[in-house]
file structure_0.tsv (TSV, C-alpha atoms and all ligand atoms)
chain	number	residue	atom	x	y	z
A	1	MET	CA	37.17	63.80	31.80
A	2	ASP	CA	35.48	65.54	28.86
A	3	ARG	CA	33.98	68.67	30.39
A	4	ALA	CA	32.64	69.94	27.06
A	5	ARG	CA	30.72	66.68	26.62
A	6	ASP	CA	29.52	66.82	30.24
A	7	ALA	CA	28.17	70.31	29.64
A	8	ARG	CA	26.47	69.19	26.37
A	9	GLU	CA	24.84	66.27	28.14
A	10	GLY	CA	23.74	68.48	31.04
A	11	ARG	CA	25.85	66.79	33.71
A	12	PRO	CA	26.82	68.98	36.66
A	13	ALA	CA	30.50	69.82	36.77
A	14	ALA	CA	32.29	69.48	40.09
A	15	PRO	CA	35.57	71.32	40.57
A	16	ASP	CA	38.52	68.96	40.01
A	17	GLY	CA	39.28	66.80	43.01
A	18	LEU	CA	36.04	67.61	44.82
A	19	PRO	CA	32.92	65.48	45.17
A	20	PRO	CA	29.74	67.01	43.73
A	21	PRO	CA	28.01	69.62	45.93
A	22	GLY	CA	26.31	68.12	48.98
A	23	VAL	CA	28.42	64.94	49.00
A	24	VAL	CA	31.19	64.33	51.53
A	25	ILE	CA	33.58	61.41	51.66
A	26	THR	CA	34.45	59.91	55.01
A	27	SER	CA	35.97	56.74	56.40
A	28	GLY	CA	33.46	54.00	57.19
A	29	SER	CA	34.42	53.93	60.87
A	30	ALA	CA	34.00	57.71	61.25
A	31	TRP	CA	30.65	57.57	59.41
A	32	GLY	CA	29.21	55.10	61.90
A	33	GLY	CA	25.96	54.71	59.91
A	34	ASP	CA	23.81	51.68	59.32
A	35	ARG	CA	25.83	48.91	57.64
A	36	GLY	CA	22.58	47.53	56.21
A	37	ARG	CA	22.33	50.62	53.99
A	38	LEU	CA	25.87	50.08	52.73
A	39	ALA	CA	25.05	46.44	52.05
A	40	ALA	CA	22.03	47.60	50.00
A	41	LEU	CA	24.25	49.98	48.04
A	42	LEU	CA	26.68	47.17	47.26
A	43	TYR	CA	23.83	44.84	46.35
A	44	GLU	CA	22.51	47.37	43.80
A	45	GLY	CA	25.94	47.43	42.17
A	46	TYR	CA	26.54	43.69	42.20
A	47	ALA	CA	23.03	42.17	41.96
A	48	LYS	CA	23.83	40.37	38.71
A	49	LYS	CA	26.64	38.43	40.36
A	50	ALA	CA	24.42	37.48	43.32
A	51	ALA	CA	21.69	36.31	40.92
A	52	ALA	CA	24.23	34.21	38.99
A	53	LEU	CA	25.13	32.48	42.24
A	54	ARG	CA	21.40	31.94	42.84
A	55	VAL	CA	21.48	33.92	46.09
A	56	ASP	CA	18.20	35.69	46.85
A	57	GLU	CA	18.21	39.40	47.74
A	58	ALA	CA	17.42	39.03	51.47
A	59	THR	CA	20.21	36.49	51.98
A	60	ALA	CA	22.68	38.54	49.92
A	61	LEU	CA	21.90	41.67	51.96
A	62	ALA	CA	22.34	39.86	55.29
A	63	LEU	CA	25.59	38.23	54.14
A	64	LEU	CA	27.01	41.52	52.81
A	65	ALA	CA	26.11	43.43	56.00
A	66	GLU	CA	27.93	40.84	58.11
A	67	ALA	CA	30.91	40.60	55.75
A	68	LEU	CA	31.52	44.38	55.73
A	69	ASN	CA	34.49	45.73	57.61
A	70	LEU	CA	33.59	49.43	57.96
A	71	GLY	CA	37.11	50.31	59.06
A	72	ARG	CA	38.31	49.36	55.58
A	73	CYS	CA	35.77	51.46	53.66
A	74	PHE	CA	35.40	55.01	52.43
A	75	VAL	CA	31.81	56.17	52.15
A	76	ALA	CA	30.35	59.00	50.06
A	77	VAL	CA	27.46	60.50	52.01
A	78	ARG	CA	24.70	62.89	51.00
A	79	GLY	CA	22.94	64.11	54.16
A	80	ASP	CA	22.61	60.92	56.18
A	81	ARG	CA	22.37	58.72	53.08
A	82	PRO	CA	25.34	56.68	51.81
A	83	VAL	CA	25.51	57.19	48.03
A	84	GLY	CA	28.84	55.55	47.27
A	85	VAL	CA	31.32	53.15	48.81
A	86	VAL	CA	34.77	51.77	48.11
A	87	GLY	CA	36.60	49.07	50.07
A	88	LEU	CA	40.32	48.70	50.75
A	89	VAL	CA	42.47	45.58	50.61
A	90	GLU	CA	45.63	46.04	52.68
A	91	GLY	CA	47.70	42.90	52.96
A	92	ARG	CA	45.29	40.26	54.27
A	93	ALA	CA	42.74	42.75	55.65
A	94	ARG	CA	39.87	43.54	53.34
A	95	ALA	CA	36.61	45.49	53.30
A	96	LEU	CA	34.54	42.43	52.49
A	97	ASP	CA	35.51	39.16	54.09
A	98	PHE	CA	33.56	35.92	53.71
A	99	PRO	CA	35.03	33.35	56.13
A	100	PHE	CA	33.48	29.89	55.94
A	101	VAL	CA	31.75	30.25	59.35
A	102	LEU	CA	29.93	33.33	58.07
A	103	VAL	CA	28.85	31.72	54.79
A	104	ARG	CA	27.77	28.59	56.67
A	105	ARG	CA	25.33	30.66	58.78
A	106	HIS	CA	23.34	31.38	55.62
A	107	PHE	CA	23.60	28.17	53.57
A	108	GLY	CA	23.75	24.39	53.86
A	109	VAL	CA	27.08	22.57	53.93
A	110	LEU	CA	27.51	21.90	50.19
A	111	ARG	CA	26.47	25.38	49.07
A	112	SER	CA	28.69	26.90	51.79
A	113	ILE	CA	31.71	25.03	50.48
A	114	ALA	CA	30.96	26.05	46.87
A	115	TYR	CA	30.26	29.69	47.76
A	116	SER	CA	33.30	29.96	49.99
A	117	LEU	CA	35.49	28.78	47.14
A	118	LEU	CA	33.86	31.19	44.68
A	119	LEU	CA	33.79	34.21	47.01
A	120	ASN	CA	37.38	33.69	47.99
A	121	VAL	CA	38.65	33.44	44.40
A	122	ARG	CA	39.22	37.19	44.90
A	123	LYS	CA	42.01	36.34	47.31
A	124	ARG	CA	44.11	34.93	44.46
A	125	SER	CA	45.22	38.45	43.72
A	126	ARG	CA	46.73	39.94	46.82
A	127	PRO	CA	48.53	43.28	46.87
A	128	ALA	CA	52.31	43.38	47.24
A	129	ALA	CA	53.72	44.99	50.40
A	130	ASP	CA	54.06	48.40	48.74
A	131	GLU	CA	50.69	48.24	47.01
A	132	LEU	CA	47.11	49.08	48.04
A	133	PHE	CA	44.16	47.37	46.34
A	134	PHE	CA	40.61	48.57	46.34
A	135	GLU	CA	37.43	46.57	45.71
A	136	SER	CA	33.67	46.87	45.86
A	137	LEU	CA	33.37	50.33	44.35
A	138	ALA	CA	29.67	51.16	44.01
A	139	VAL	CA	27.60	54.32	43.54
A	140	SER	CA	23.79	54.40	43.91
A	141	PRO	CA	22.16	54.22	40.46
A	142	GLY	CA	20.45	57.61	40.94
A	143	GLU	CA	23.74	59.28	41.87
A	144	ARG	CA	25.95	58.07	39.03
A	145	ASN	CA	27.65	60.24	36.37
A	146	GLN	CA	28.34	63.14	38.73
A	147	GLY	CA	31.93	62.25	39.59
A	148	ILE	CA	31.30	60.35	42.86
A	149	GLY	CA	32.98	57.15	41.64
A	150	THR	CA	35.94	59.17	40.34
A	151	ARG	CA	36.23	61.00	43.63
A	152	LEU	CA	36.11	57.78	45.68
A	153	VAL	CA	38.99	56.33	43.64
A	154	GLN	CA	40.96	59.57	44.05
A	155	HIS	CA	40.31	59.37	47.79
A	156	VAL	CA	41.84	55.88	47.83
A	157	GLU	CA	44.86	57.22	45.92
A	158	GLU	CA	45.33	60.07	48.42
A	159	TYR	CA	45.16	57.55	51.28
A	160	ALA	CA	47.72	55.34	49.46
A	161	ARG	CA	50.16	58.24	49.08
A	162	LYS	CA	49.70	59.24	52.72
A	163	MET	CA	50.41	55.66	53.87
A	164	GLY	CA	53.51	55.35	51.66
A	165	TYR	CA	52.17	52.84	49.10
A	166	ARG	CA	53.77	53.03	45.67
A	167	SER	CA	50.86	51.78	43.61
A	168	VAL	CA	47.11	51.19	43.68
A	169	GLY	CA	45.52	48.14	42.07
A	170	LEU	CA	42.08	46.63	41.52
A	171	GLU	CA	40.23	43.84	39.75
A	172	VAL	CA	37.37	44.49	37.38
A	173	THR	CA	35.26	42.08	35.34
A	174	ASP	CA	36.11	42.15	31.65
A	175	SER	CA	32.57	43.18	30.61
A	176	ASN	CA	32.33	46.17	32.97
A	177	HIS	CA	33.14	48.80	30.37
A	178	THR	CA	31.84	51.71	32.48
A	179	ALA	CA	34.25	50.93	35.31
A	180	ILE	CA	37.15	50.10	32.96
A	181	ARG	CA	36.64	53.48	31.23
A	182	LEU	CA	36.65	55.26	34.60
A	183	TYR	CA	39.86	53.54	35.74
A	184	SER	CA	41.59	54.09	32.38
A	185	ARG	CA	40.66	57.78	32.47
A	186	LEU	CA	42.30	57.98	35.91
A	187	GLY	CA	45.52	56.41	34.61
A	188	TYR	CA	45.07	52.70	35.48
A	189	ALA	CA	46.44	50.15	33.01
A	190	ILE	CA	45.55	46.47	32.60
A	191	VAL	CA	48.48	44.40	33.86
A	192	LYS	CA	46.94	40.91	33.91
A	193	THR	CA	43.78	39.11	32.77
A	194	ARG	CA	42.41	35.97	34.44
A	195	ARG	CA	39.71	33.84	32.82
A	196	TYR	CA	37.08	32.18	35.01
A	197	PRO	CA	35.00	29.72	32.98
A	198	PHE	CA	32.54	28.67	35.71
A	199	VAL	CA	29.43	30.61	36.74
A	200	THR	CA	30.84	33.83	35.33
A	201	ARG	CA	29.10	33.50	31.94
A	202	ARG	CA	25.71	33.52	33.66
A	203	ALA	CA	26.84	36.69	35.45
A	204	GLY	CA	27.77	38.27	32.10
A	205	PHE	CA	31.56	38.12	32.14
A	206	SER	CA	34.34	35.64	31.39
A	207	GLY	CA	37.21	36.90	33.51
A	208	ASN	CA	38.82	39.71	35.47
A	209	HIS	CA	41.34	42.34	34.51
A	210	GLU	CA	43.85	43.40	37.13
A	211	MET	CA	44.59	47.12	36.71
A	212	ARG	CA	47.29	49.15	38.38
A	213	LYS	CA	48.52	52.72	38.70
A	214	ARG	CA	51.66	54.10	40.30
A	215	VAL	CA	50.91	56.78	42.87
A	301	LIG	C1	31.36	52.13	38.09
A	301	LIG	C2	30.65	53.15	38.98
A	301	LIG	C3	31.17	53.01	40.40
A	301	LIG	C4	30.96	54.56	38.46
A	301	LIG	O1	30.43	55.51	39.39
A	301	LIG	P1	30.04	57.00	38.95
A	301	LIG	O2	29.83	57.80	40.17
A	301	LIG	O3	28.96	56.98	37.95
A	301	LIG	O4	31.39	57.46	38.23
A	301	LIG	P2	31.75	58.94	37.70
A	301	LIG	O5	30.53	59.81	37.76
A	301	LIG	O6	32.95	59.41	38.39
A	301	LIG	O7	32.13	58.64	36.19
A	301	LIG	C5	31.13	58.20	35.27
A	301	LIG	C6	31.04	59.18	34.09
A	301	LIG	O8	30.49	60.41	34.54
A	301	LIG	C7	31.32	61.50	34.05
A	301	LIG	N1	31.15	62.69	34.93
A	301	LIG	C8	30.08	63.47	34.94
A	301	LIG	N2	30.21	64.49	35.77
A	301	LIG	C9	31.38	64.37	36.33
A	301	LIG	C10	32.08	65.15	37.28
A	301	LIG	N3	31.56	66.26	37.80
A	301	LIG	N4	33.29	64.73	37.67
A	301	LIG	C11	33.82	63.61	37.18
A	301	LIG	N5	33.18	62.84	36.25
A	301	LIG	C12	31.97	63.21	35.82
A	301	LIG	C13	32.68	60.92	33.99
A	301	LIG	O9	33.50	61.62	33.07
A	301	LIG	C14	32.40	59.52	33.52
A	301	LIG	O10	32.29	59.50	32.12
A	301	LIG	P3	32.89	58.29	31.26
A	301	LIG	O11	31.90	57.18	31.42
A	301	LIG	O12	32.97	58.80	29.90
A	301	LIG	O13	34.22	57.93	31.87
A	301	LIG	C15	29.11	52.93	38.94
A	301	LIG	O14	28.70	52.89	37.60
A	301	LIG	C16	28.64	51.67	39.68
A	301	LIG	O15	28.39	51.69	40.89
A	301	LIG	N6	28.52	50.54	38.94
A	301	LIG	C17	28.07	49.26	39.54
A	301	LIG	C18	29.16	48.62	40.40
A	301	LIG	C19	30.45	48.47	39.64
A	301	LIG	O16	30.47	48.07	38.48
A	301	LIG	N7	31.58	48.80	40.31
A	301	LIG	C20	32.92	48.70	39.75
A	301	LIG	C21	33.44	47.33	40.04
A	301	LIG	S1	35.16	47.17	39.64
call {"tool": "encode", "arguments": {"input": "structure_0.tsv", "output": "structure tokens"}}
result
Amino acid sequence: MDRARDAREGRPAAPDGLPPPGVVITSGSAWGGDRGRLAALLYEGYAKKAAALRVDEATALALLAEALNLGRCFVAVRGDRPVGVVGLVEGRARALDFPFVLVRRHFGVLRSIAYSLLLNVRKRSRPAADELFFESLAVSPGERNQGIGTRLVQHVEEYARKMGYRSVGLEVTDSNHTAIRLYSRLGYAIVKTRRYPFVTRRAGFSGNHEMRKRV
């Protein structure tokens, strides 16, 4: 983190390892807030992907709210407002799960089959037994560049150490330079790149990097 540049650009500095003033990080189950608000937060971060799949906002919000497993999330909260979220993938359990029956509630048969295949592409990369993955990191647009995303990732790393995992991994689209810069700054390195030729171009990327850090 370049504190001199932060100061020049007028960004508030939080002490190392702490979220910015007024923001606390809690587990999703302890938070117990409205999952619809978390779905909206995720939608803001991933709207381009939803649009590329031709899913309208109302449907995407309903699907996300149902797919969310709060017990696998950490939430950054300001007052009663969620301002950031990150999801965990531990073995087969994940923060966002899209089983076919859920997808089918929102779409016809053919689209459900196609979307289930696309949404579950994520499952191709599954963490090893001694590894924790995270996914679905998102910070509200008005709350970015204050260290909340950094702090959420560090929170995941602390949890990983506490639970005895040896490394933390994630997938990020190859065009998401903001996120890649954040992860690189925190010590994550690209270990694998997968190319996905379908749909992804419309969503502005051509593949995913898998990044990993030993903790
Ligand atoms: C990627 C994303 C989560 C980053 O969240 P964020 O809260 O803005 O992240 P941070 O504030 O920690 O870091 C962003 C920048 O602010 C800087 N910053 C400013 N004040 C800071 C502080 N007090 N502490 C730490 N970093 C600070 C960081 O150094 C960083 O600069 P950099 O771009 O040169 O690395 C956010 O942009 C987002 O939600 N994007 C859409 C969804 C998405 O792409 N998610 C990732 C999918 S893998």
call {"tool": "closest_residue", "arguments": {"input": "structure_0.tsv", "among": "A:Thr150, A:Asn208, A:Ser175, A:Thr193", "to": "ligand LIG 301 (chain A)", "atoms": "only C-alpha atoms and all ligand atoms"}}
result
A:Thr150
call {"tool": "closest_residue", "arguments": {"input": "structure_0.tsv", "among": "A:Lys48, A:Arg166, A:Arg72, A:Arg181", "to": "ligand LIG 301 (chain A)", "atoms": "only C-alpha atoms and all ligand atoms"}}
result
A:Arg181
call {"tool": "closest_atom_pairs", "arguments": {"input": "structure_0.tsv", "of": "chain A", "to": "ligand LIG 301 (chain A)", "cutoff": "7 Å", "atoms": "all atoms listed in the file", "output": "CSV"}}
result
residue,atom,partner,partner_atom,distance
A:Met1,CA,A:LIG301,O9,4.5
A:Asp2,CA,A:LIG301,O9,6.1
A:Asp6,CA,A:LIG301,C8,5.8
A:Arg11,CA,A:LIG301,N2,5.3
A:Pro12,CA,A:LIG301,N3,5.6
A:Ala13,CA,A:LIG301,N3,3.9
A:Ala14,CA,A:LIG301,N3,4.0
A:Pro20,CA,A:LIG301,N3,6.2
A:Gly45,CA,A:LIG301,C17,3.8
A:Tyr46,CA,A:LIG301,C18,5.9
A:Glu135,CA,A:LIG301,S1,6.5
A:Ser136,CA,A:LIG301,C21,5.8
A:Leu137,CA,A:LIG301,N7,4.7
A:Ala138,CA,A:LIG301,O15,3.4
A:Val139,CA,A:LIG301,O15,3.8
A:Ser140,CA,A:LIG301,O15,6.1
A:Pro141,CA,A:LIG301,O15,6.7
A:Glu143,CA,A:LIG301,O2,6.5
A:Arg144,CA,A:LIG301,O3,3.4
A:Asn145,CA,A:LIG301,O5,3.2
A:Gln146,CA,A:LIG301,N2,3.8
A:Gly147,CA,A:LIG301,O6,3.2
A:Ile148,CA,A:LIG301,O2,4.0
A:Gly149,CA,A:LIG301,O2,3.5
A:Thr150,CA,A:LIG301,O6,3.6
A:Arg151,CA,A:LIG301,O6,6.4
A:Glu171,CA,A:LIG301,S1,6.1
A:Val172,CA,A:LIG301,S1,4.1
A:Thr173,CA,A:LIG301,S1,6.7
A:Asn176,CA,A:LIG301,O16,6.1
A:Thr178,CA,A:LIG301,O11,5.6
A:Ala179,CA,A:LIG301,C1,4.2
A:Arg181,CA,A:LIG301,O13,5.1
A:Leu182,CA,A:LIG301,O13,4.5
A:Arg185,CA,A:LIG301,O13,6.5
call {"tool": "atom_distance", "arguments": {"input": "structure_0.tsv", "atom1": "CA of Leu53 in chain A", "atom2": "CA of Leu152 in chain A"}}
result
27.8 Å
call {"tool": "residues_around", "arguments": {"input": "structure_0.tsv", "residues": "Glu131 in chain A", "least_positions_apart": "4", "cutoff": "6 Å", "atoms": "only C-alpha atoms", "output": "JSON, numbers by chain"}}
result
{"A": [127, 165, 166, 167, 168]}
call {"tool": "closest_residue", "arguments": {"input": "structure_0.tsv", "among": "A:Tyr183, A:Phe98, A:Tyr196, A:Tyr159", "to": "Glu66 in chain A", "atoms": "only C-alpha atoms"}}
result
A:Phe98
call {"tool": "closest_residue", "arguments": {"input": "structure_0.tsv", "among": "A:Phe133, A:Asp174, A:Glu90, A:Ala50", "to": "Leu118 in chain A", "atoms": "only C-alpha atoms"}}
result
A:Ala50
call {"tool": "closest_residue", "arguments": {"input": "structure_0.tsv", "among": "A:Arg161, A:His177, A:Arg81, A:Arg54", "to": "Tyr115 in chain A", "atoms": "only C-alpha atoms"}}
result
A:Arg54
call {"tool": "residues_around", "arguments": {"input": "structure_0.tsv", "residues": "range 28-37 of chain A", "least_positions_apart": "5", "cutoff": "6 Å", "atoms": "only C-alpha atoms", "output": "PyMOL selection string"}}
result
chain A and resi 65+70-71+73-75
call {"tool": "residues_near_point", "arguments": {"input": "structure_0.tsv", "point": "(26.2, 37.9, 56.2)", "cutoff": "10 Å", "atoms": "only C-alpha atoms", "output": "number ranges by chain"}}
result
A: 39, 59-68, 97-99, 101-106
call {"tool": "closest_residue", "arguments": {"input": "structure_0.tsv", "among": "A:Met163, A:Val191, A:Ala52, A:Leu41", "to": "Pro82 in chain A", "atoms": "only C-alpha atoms"}}
result
A:Leu41
call {"tool": "atom_distance", "arguments": {"input": "structure_0.tsv", "atom1": "CA of Ser125 in chain A", "atom2": "CA of Ala58 in chain A"}}
result
28.9 Å
call {"tool": "residues_around", "arguments": {"input": "structure_0.tsv", "residues": "Ala189 in chain A", "least_positions_apart": "2", "cutoff": "7 Å", "atoms": "only C-alpha atoms", "output": "list in words"}}
result
Ser184, Gly187, Val191, Met211, Arg212 and Lys213 of chain A
call {"tool": "atom_distance", "arguments": {"input": "structure_0.tsv", "atom1": "CA of Val215 in chain A", "atom2": "CA of Gly164 in chain A"}}
result
9.3 Å
call {"tool": "decode", "arguments": {"input": "structure_0.tsv", "residues": "range 135-200 of chain A", "atoms": "C-alpha atoms", "output": "PDB file, in the first residue's frame"}}
result
ATOM      1  CA  GLU A 135     -15.085 -15.731  -3.929  1.00  0.00           C
ATOM      2  CA  SER A 136     -17.575 -12.951  -4.510  1.00  0.00           C
ATOM      3  CA  LEU A 137     -15.557 -10.134  -2.965  1.00  0.00           C
ATOM      4  CA  ALA A 138     -17.489  -6.894  -3.443  1.00  0.00           C
ATOM      5  CA  VAL A 139     -17.438  -3.415  -1.895  1.00  0.00           C
ATOM      6  CA  SER A 140     -20.180  -0.811  -2.503  1.00  0.00           C
ATOM      7  CA  PRO A 141     -19.037   1.642  -5.192  1.00  0.00           C
ATOM      8  CA  GLY A 142     -19.297   4.613  -2.789  1.00  0.00           C
ATOM      9  CA  GLU A 143     -17.150   2.849  -0.189  1.00  0.00           C
ATOM     10  CA  ARG A 144     -14.231   1.745  -2.350  1.00  0.00           C
ATOM     11  CA  ASN A 145     -10.582   2.858  -2.016  1.00  0.00           C
ATOM     12  CA  GLN A 146     -10.671   3.074   1.778  1.00  0.00           C
ATOM     13  CA  GLY A 147      -9.168  -0.334   2.512  1.00  0.00           C
ATOM     14  CA  ILE A 148     -12.418  -2.306   3.017  1.00  0.00           C
ATOM     15  CA  GLY A 149     -11.628  -4.846   0.276  1.00  0.00           C
ATOM     16  CA  THR A 150      -8.098  -5.260   1.655  1.00  0.00           C
ATOM     17  CA  ARG A 151      -9.431  -5.753   5.153  1.00  0.00           C
ATOM     18  CA  LEU A 152     -12.003  -8.354   4.033  1.00  0.00           C
ATOM     19  CA  VAL A 153      -9.259 -10.398   2.355  1.00  0.00           C
ATOM     20  CA  GLN A 154      -7.084 -10.104   5.473  1.00  0.00           C
ATOM     21  CA  HIS A 155     -10.061 -11.282   7.537  1.00  0.00           C
ATOM     22  CA  VAL A 156     -10.301 -14.388   5.333  1.00  0.00           C
ATOM     23  CA  GLU A 157      -6.566 -14.991   5.837  1.00  0.00           C
ATOM     24  CA  GLU A 158      -6.914 -14.706   9.633  1.00  0.00           C
ATOM     25  CA  TYR A 159      -9.792 -17.192   9.531  1.00  0.00           C
ATOM     26  CA  ALA A 160      -7.680 -19.542   7.355  1.00  0.00           C
ATOM     27  CA  ARG A 161      -4.789 -19.453   9.839  1.00  0.00           C
ATOM     28  CA  LYS A 162      -7.151 -20.043  12.762  1.00  0.00           C
ATOM     29  CA  MET A 163      -8.697 -23.056  11.007  1.00  0.00           C
ATOM     30  CA  GLY A 164      -5.293 -24.544  10.126  1.00  0.00           C
ATOM     31  CA  TYR A 165      -5.368 -23.992   6.333  1.00  0.00           C
ATOM     32  CA  ARG A 166      -1.966 -23.628   4.697  1.00  0.00           C
ATOM     33  CA  SER A 167      -2.970 -21.435   1.788  1.00  0.00           C
ATOM     34  CA  VAL A 168      -5.706 -19.139   0.502  1.00  0.00           C
ATOM     35  CA  GLY A 169      -6.768 -19.100  -3.144  1.00  0.00           C
ATOM     36  CA  LEU A 170      -9.211 -17.301  -5.426  1.00  0.00           C
ATOM     37  CA  GLU A 171     -10.245 -16.865  -9.047  1.00  0.00           C
ATOM     38  CA  VAL A 172     -10.335 -13.492 -10.729  1.00  0.00           C
ATOM     39  CA  THR A 173     -11.234 -12.554 -14.297  1.00  0.00           C
ATOM     40  CA  ASP A 174      -8.200 -11.615 -16.369  1.00  0.00           C
ATOM     41  CA  SER A 175      -9.499  -8.087 -17.098  1.00  0.00           C
ATOM     42  CA  ASN A 176     -10.168  -7.160 -13.454  1.00  0.00           C
ATOM     43  CA  HIS A 177      -6.988  -5.160 -12.953  1.00  0.00           C
ATOM     44  CA  THR A 178      -8.225  -3.432  -9.781  1.00  0.00           C
ATOM     45  CA  ALA A 179      -8.773  -6.736  -8.008  1.00  0.00           C
ATOM     46  CA  ILE A 180      -5.588  -8.322  -9.411  1.00  0.00           C
ATOM     47  CA  ARG A 181      -3.592  -5.315  -8.124  1.00  0.00           C
ATOM     48  CA  LEU A 182      -5.199  -5.677  -4.682  1.00  0.00           C
ATOM     49  CA  TYR A 183      -4.433  -9.408  -4.477  1.00  0.00           C
ATOM     50  CA  SER A 184      -0.866  -8.956  -5.776  1.00  0.00           C
ATOM     51  CA  ARG A 185      -0.246  -6.212  -3.207  1.00  0.00           C
ATOM     52  CA  LEU A 186      -1.366  -8.656  -0.504  1.00  0.00           C
ATOM     53  CA  GLY A 187       1.079 -11.321  -1.723  1.00  0.00           C
ATOM     54  CA  TYR A 188      -1.098 -13.486  -4.020  1.00  0.00           C
ATOM     55  CA  ALA A 189       0.550 -14.917  -7.142  1.00  0.00           C
ATOM     56  CA  ILE A 190      -1.067 -16.231 -10.338  1.00  0.00           C
ATOM     57  CA  VAL A 191      -0.684 -20.017 -10.381  1.00  0.00           C
ATOM     58  CA  LYS A 192      -2.961 -20.945 -13.292  1.00  0.00           C
ATOM     59  CA  THR A 193      -4.936 -19.264 -16.093  1.00  0.00           C
ATOM     60  CA  ARG A 194      -8.047 -20.770 -17.694  1.00  0.00           C
ATOM     61  CA  ARG A 195      -9.505 -19.413 -20.928  1.00  0.00           C
ATOM     62  CA  TYR A 196     -13.283 -19.390 -21.400  1.00  0.00           C
ATOM     63  CA  PRO A 197     -14.182 -18.502 -24.991  1.00  0.00           C
ATOM     64  CA  PHE A 198     -17.990 -18.461 -24.636  1.00  0.00           C
ATOM     65  CA  VAL A 199     -20.051 -15.555 -23.282  1.00  0.00           C
ATOM     66  CA  THR A 200     -17.049 -14.133 -21.459  1.00  0.00           C
TER      67      THR A 200
END
